[in-house]
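Below is one structure; the comments refer to it alone.
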Amino acid sequence: MSANTDFEFSDRESLVRLQLKKLREMLCPLLKTNAFYRQKLVRAGVKQPDDVQTPEDYFQLPFTTKQELSADQRDHPPYGTNLTFPPEHYIRVHQTSGTTGDPLRWLDTKESWGWWARCWGAVYRAGGVTAADRIFFAFSFGPFIGFWSALEGARFTGALSISGGGMPSEQRLRAILSEEASVLICTPTYALYLAEVAAAEGIDIAHSGIGITFHAGEPGASLPATRQRIEQAWNARCYDHVGATEVGAWGYECQVQAGVHLNEGEFICEVVDPVTGDPAEEGELVITNLGRVGMPVIRYRTGDRVKLLRAPCECGRMFWRLEGGVVGRIDDVLIVRGVNVYPSAIENTVRRFPEVGEFAVDVYRRDALDELEIRLEVNGADPDRVASAVAKEVWHVLGIRATVEAVPHSTLPRFELKARRFRDHRKTEDGKFGGRTDR
C-alpha cells in the first residue's frame with residue numbers, strides 16, 4: 001500500500017509517469033494472452049507495451065463499453081474472453097447488480113483481490129479509520145463485490161470487522177450497540193432506514209458510538225441534504241465512496257469533505273463529453289484500472305456523470321476530485337417538459353424537509369404532457385402542508401411543476417442495497433411510450 005500512499009501527495013508529473021509505467025506492465029501480458037483486449041489494442045496500432053509512452057498515446061486507445069463486455073460474456077459464456085490467465089489462476093467471482101442491464105460476472109486472481117483490498121485501504125485511511133475502530137458491515141454478503149472487498153480492505157486498517165450478514169435491521173442495530181461499533185458501512189438509503197427503525201424501537205443510535213459512516217451504491221452520501229440527515233441521525237461523519245464491480249474502488253472522500261478524490265495511484269481517470277468522447281470538465285467518467293491484470297478494463301466508459309476539480313485539496317492530496325461525487329447515471333436523466341433533471345437533484349431537494357421519511361418519484365405522459373408525481377411518507381401532524389411545501393421547493397429549485405402527495409407510513413418500499421425510487425412510466429424497453437422503466 002505504500003506506493004499508493006506516497007503518490008497521493010506527489011506532483012502530477014510523477015503521478016502520470018507512475019500511471020503509464022503501470023499501464024505498460026499490464027499491457028505486456030494482455031497483448032500475449034487476453035483475447036478481448038489483444039484484438040482491441042492491435043486494431044488501434046498498439047502491438048507492444050512501449051507503443052504507449054505518453055498521455056497522448058494513451059488517449060488514442062479505444063474506449064471500452066459495458067455493452068461490449070456484456071456481448072462478450074453472452075457470446076462466450078460464462079466469463080467472456082477478457083481473461084489474461086487460465087481458469088485455475090482465479091480465486092473469486094462476483095457480479096454487478098444488474099440495475100442497468102444483464103449482470104456482468106467478474107473474476108479476480110489472488111493478486112487482483114489484494115489490489116482491491118489496497119484500494120479499500122485508501123478509502124478507510126482517508127476517512128480516519130484506525131486499528132482502534134470496530135467496523136460494522138450492514139449488508140447481506142451476496143454476489144455483489146462491494147460487500148466482500150470492503151471487508152477484505154478493512155485488514156489494512158487493523159480494525160475489528162463485524163459482519164451484519166443474515167440479520168434483520170433491528171438485530172443489526174442491537175449488534176452495533178453490543179459490539180460497540182464505531183464505523184458503519186452500508187448504502188446511504190439503508191443508513192436512513194436503520195435510523196427509522198431505531199426511532200420506532202426506541203434505540204438511541206445518536207449515542208451508539210458510531211463516529212464514522214461510509215456509503216456507496218448511490219449518490220446520496222455526497223448530496224448535502226442526505227449527508228446532513230445521516231450525520232444528524234447517527235451523530236457521525238458521513239463519507240462517500242465510489243466504485244464498480246468491473247472497475248474497482250476508484251474514489252473516496254477525505255476528512256476535508258470537499259469532493260470525491262479519484263484514486264489516481266491505482267486508476268487512470270478522465271472525463272469526456274458523453275456524445276463526442278472529447279475531453280470535458282463535466283461529462284462521463286472514463287477509467288482504466290492498473291492493478292487488475294487478470295480481468296482489466298481500459299478506458300472504460302462508466303456511464304457516471306461527474307464534474308472534475310483539478311485544484312489540490314486542503315488535505316494535501318494531489319489526486320483530482322469530483323465535485324459532489326457522482327451526479328448520476330448519464331442515461332438516468334429525466335426530461336420533464338423540456339427540463340433535464342437528475343434523480344439526485346430531486347432527492348437533494350426532498351431531503352431538505354426533515355419531516356419526510358421515504359419518498360418515491362413517478363413520471364407519466366398524459367394527454368401528450370409529461371407529469372412528475374412525488375409520493376412522501378411524512379412525519380408530523382400536517383402532512384399535506386409538507387407536501388405543498390415540497391412541491392413549491394421542487395418548482396423553485398428545479399423549475400419543474402410536480403404533483404406531490406403525502407401517503408400513509410410503510411406505503412413505500414425500503415431498500416438495503418441500491419434504492420429504486422424513480423420510475424419513468426413513459427417508455428417501454430423498446431422505446432415506445434406507454435410502459436414503464438425502473439430507475
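All residue names refer to the C-alpha cells as shown: chains lettered A, B, ... in order, residues numbered from 1 in each chain, ligands numbered from 1 in order.
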
Each stretch 245-342 of chain A residue no farther than 8 Å from stretch 210-221 of chain A, nearest pair in Å, only C-alpha atoms, as a tab-separated table:
residue	atom	partner	partner_atom	distance
A:Gly325	CA	A:Pro219	CA	7.0
A:Val326	CA	A:Pro219	CA	5.9
A:Val327	CA	A:Pro219	CA	6.6
A:Gly328	CA	A:Pro219	CA	6.8

Each stretch 213-263 of chain A residue no farther than 8 Å from stretch 77-97 of chain A, nearest pair in Å, only C-alpha atoms, as a Markdown table:
| residue | atom | partner | partner_atom | distance |
| --- | --- | --- | --- | --- |
| A:Ala244 | CA | A:Thr96 | CA | 7.8 |
| A:Thr245 | CA | A:Thr96 | CA | 5.7 |
| A:Glu246 | CA | A:Thr96 | CA | 7.5 |

Practice item. Give the strand (DSSP E) residues of stretch 137-333 of chain A, as DSSP finds them on the backbone, and put them as JSON, numbers by chain. Key: {"A": [137, 160, 161, 162, 163, 183, 184, 185, 186, 212, 213, 214, 215, 237, 238, 239, 240, 241, 242, 243, 244, 248, 249, 250, 251, 252, 253, 260, 261, 262, 267, 268, 269, 270, 271, 272, 282, 283, 284, 285, 286, 287, 288, 289, 300, 301, 302, 303, 304, 305, 306, 307, 308, 309, 321, 322, 328, 329]}

How would the residues just chosen look if you wrote them out with C-alpha atoms as a short mmCIF file (atom, residue, chain, number, x, y, z; two decimals), in the first residue's frame?
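Final output, result.cif:
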data_model
loop_
_atom_site.label_atom_id
_atom_site.label_comp_id
_atom_site.auth_asym_id
_atom_site.auth_seq_id
_atom_site.Cartn_x
_atom_site.Cartn_y
_atom_site.Cartn_z
CA PHE A 137 -20.81 -4.19 7.79
CA LEU A 160 -12.02 -5.23 14.14
CA SER A 161 -14.50 -6.31 11.43
CA ILE A 162 -18.07 -7.20 12.44
CA SER A 163 -20.39 -8.88 9.93
CA VAL A 183 -17.74 2.66 11.94
CA LEU A 184 -20.81 1.80 9.85
CA ILE A 185 -20.70 0.64 6.22
CA CYS A 186 -23.90 0.46 4.12
CA ILE A 212 -17.83 7.42 11.00
CA THR A 213 -20.12 6.12 8.26
CA PHE A 214 -19.08 5.09 4.73
CA HIS A 215 -21.61 4.80 1.94
CA ARG A 237 -19.13 11.97 9.98
CA CYS A 238 -20.59 10.65 6.72
CA TYR A 239 -18.21 9.78 3.85
CA ASP A 240 -18.98 8.97 0.24
CA HIS A 241 -17.13 6.18 -1.57
CA VAL A 242 -17.47 5.15 -5.21
CA GLY A 243 -16.55 2.04 -7.15
CA ALA A 244 -17.87 -0.58 -9.54
CA GLY A 248 -12.66 -1.30 -8.67
CA ALA A 249 -12.86 1.02 -5.66
CA TRP A 250 -11.85 4.12 -7.60
CA GLY A 251 -12.84 7.08 -5.39
CA TYR A 252 -13.14 8.27 -1.79
CA GLU A 253 -13.69 11.33 0.37
CA VAL A 260 -14.54 12.71 -4.00
CA HIS A 261 -10.86 12.03 -4.69
CA LEU A 262 -10.03 9.90 -7.71
CA PHE A 267 -6.50 4.18 -11.85
CA ILE A 268 -6.19 6.47 -14.86
CA CYS A 269 -9.26 8.71 -14.87
CA GLU A 270 -10.59 11.16 -17.43
CA VAL A 271 -13.83 12.99 -18.15
CA VAL A 272 -15.26 13.11 -21.67
CA GLU A 282 -18.10 17.90 -16.84
CA GLY A 283 -19.37 14.76 -18.51
CA GLU A 284 -18.83 10.99 -18.42
CA LEU A 285 -16.14 9.41 -16.27
CA VAL A 286 -13.75 7.07 -18.10
CA ILE A 287 -11.44 4.77 -16.11
CA THR A 288 -8.55 2.36 -16.63
CA ASN A 289 -7.67 0.17 -13.65
CA TYR A 300 -13.94 2.10 -19.65
CA ARG A 301 -16.95 4.38 -20.09
CA THR A 302 -18.56 4.13 -16.67
CA GLY A 303 -21.81 5.91 -17.57
CA ASP A 304 -21.36 8.13 -14.49
CA ARG A 305 -21.85 11.87 -14.89
CA VAL A 306 -19.26 13.88 -12.95
CA LYS A 307 -17.70 17.35 -12.66
CA LEU A 308 -13.90 17.47 -12.40
CA LEU A 309 -11.97 19.53 -9.85
CA ARG A 321 -11.56 15.33 -7.23
CA LEU A 322 -15.18 15.16 -8.36
CA GLY A 328 -25.92 10.39 -11.57
CA ARG A 329 -26.02 7.99 -14.47
#

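In terms of minimum interatomic distance to A:Arg12, A:Phe319 ranks closest within A:Asp382, A:Arg134, A:Phe319, A:Asn340, counting only C-alpha atoms.
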
Exercise for review: Write out as a PyMOL selection string each polymer residue whose atoms come within 10 Å of stretch 34-47 of chain A, counting only C-alpha atoms; drop sequence neighbours fewer than 5 positions from it.
Suggested key: chain A and resi 27-29+52+57+60-64+68-69+72+80-85+293-298

Practice item. Once DSSP has gone over the backbone, tell me which residues of stretch 87-261 of chain A are in helix (DSSP H, G or I), as a ChimeraX atom specification. Key: /A:87-89,110-127,145-157,169-178,188-201,205-207,219-222,224-234

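Shortest separation to A:Arg310 among A:Gly114, A:Gly265, A:Gly259, A:Pro413 occurs at residue A:Gly259, atoms counted being only C-alpha atoms.
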
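For the residues A:Phe9, A:Trp106, A:Ala402, A:Phe59, ranking by smallest atom-to-atom distance to A:Arg299 using only C-alpha atoms places A:Phe59 first.
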
Point to revise | Residues within 8 Å of A:Leu223, only C-alpha atoms, excluding chain neighbours under 3 positions, as a list of chain:residue names | key: A:Pro219, A:Gly220, A:Thr226, A:Arg227, A:Gly324, A:Ser344, A:Asn348

**Study point:** Near-stretch 358-371 of chain A list (10 Å; only C-alpha atoms; drop same-chain fewer than 6 positions) as a PyMOL selection string
**Key:** chain A and resi 189+192-193+196+334-338+343+346-347+350-351+377-378+400-407+409-414+419-427+433-439

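Between A:Ala387 and the candidates A:Phe415, A:Trp148, A:Trp234, A:Phe353, the tightest atom-to-atom separation, counting only C-alpha atoms, involves A:Phe353.
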
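In this comparison, which uses only C-alpha atoms, the residue of A:Pro224, A:Gly153, A:Pro354, A:Gly380 approaching A:Gln257 most closely is A:Pro224.
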
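By chain and then residue number, the residues within 12 Å of A:Gly316 are Thr5, Asp6, Phe7, Glu8, Phe9, Ser10, Asp11, Ala126, Cys254, Gln255, Val256, His261, Ala311, Pro312, Cys313, Phe319 and Trp320 of chain A, counting only C-alpha atoms and disregarding those fewer than 3 positions away in sequence.
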
**Study point:** Surrounding residues of A:Gly165 excluding itself and chain neighbours under 2 positions, 8 Å, only C-alpha atoms, as JSON, numbers by chain
**Key:** {"A": [137, 138, 139, 140, 141, 163, 167]}
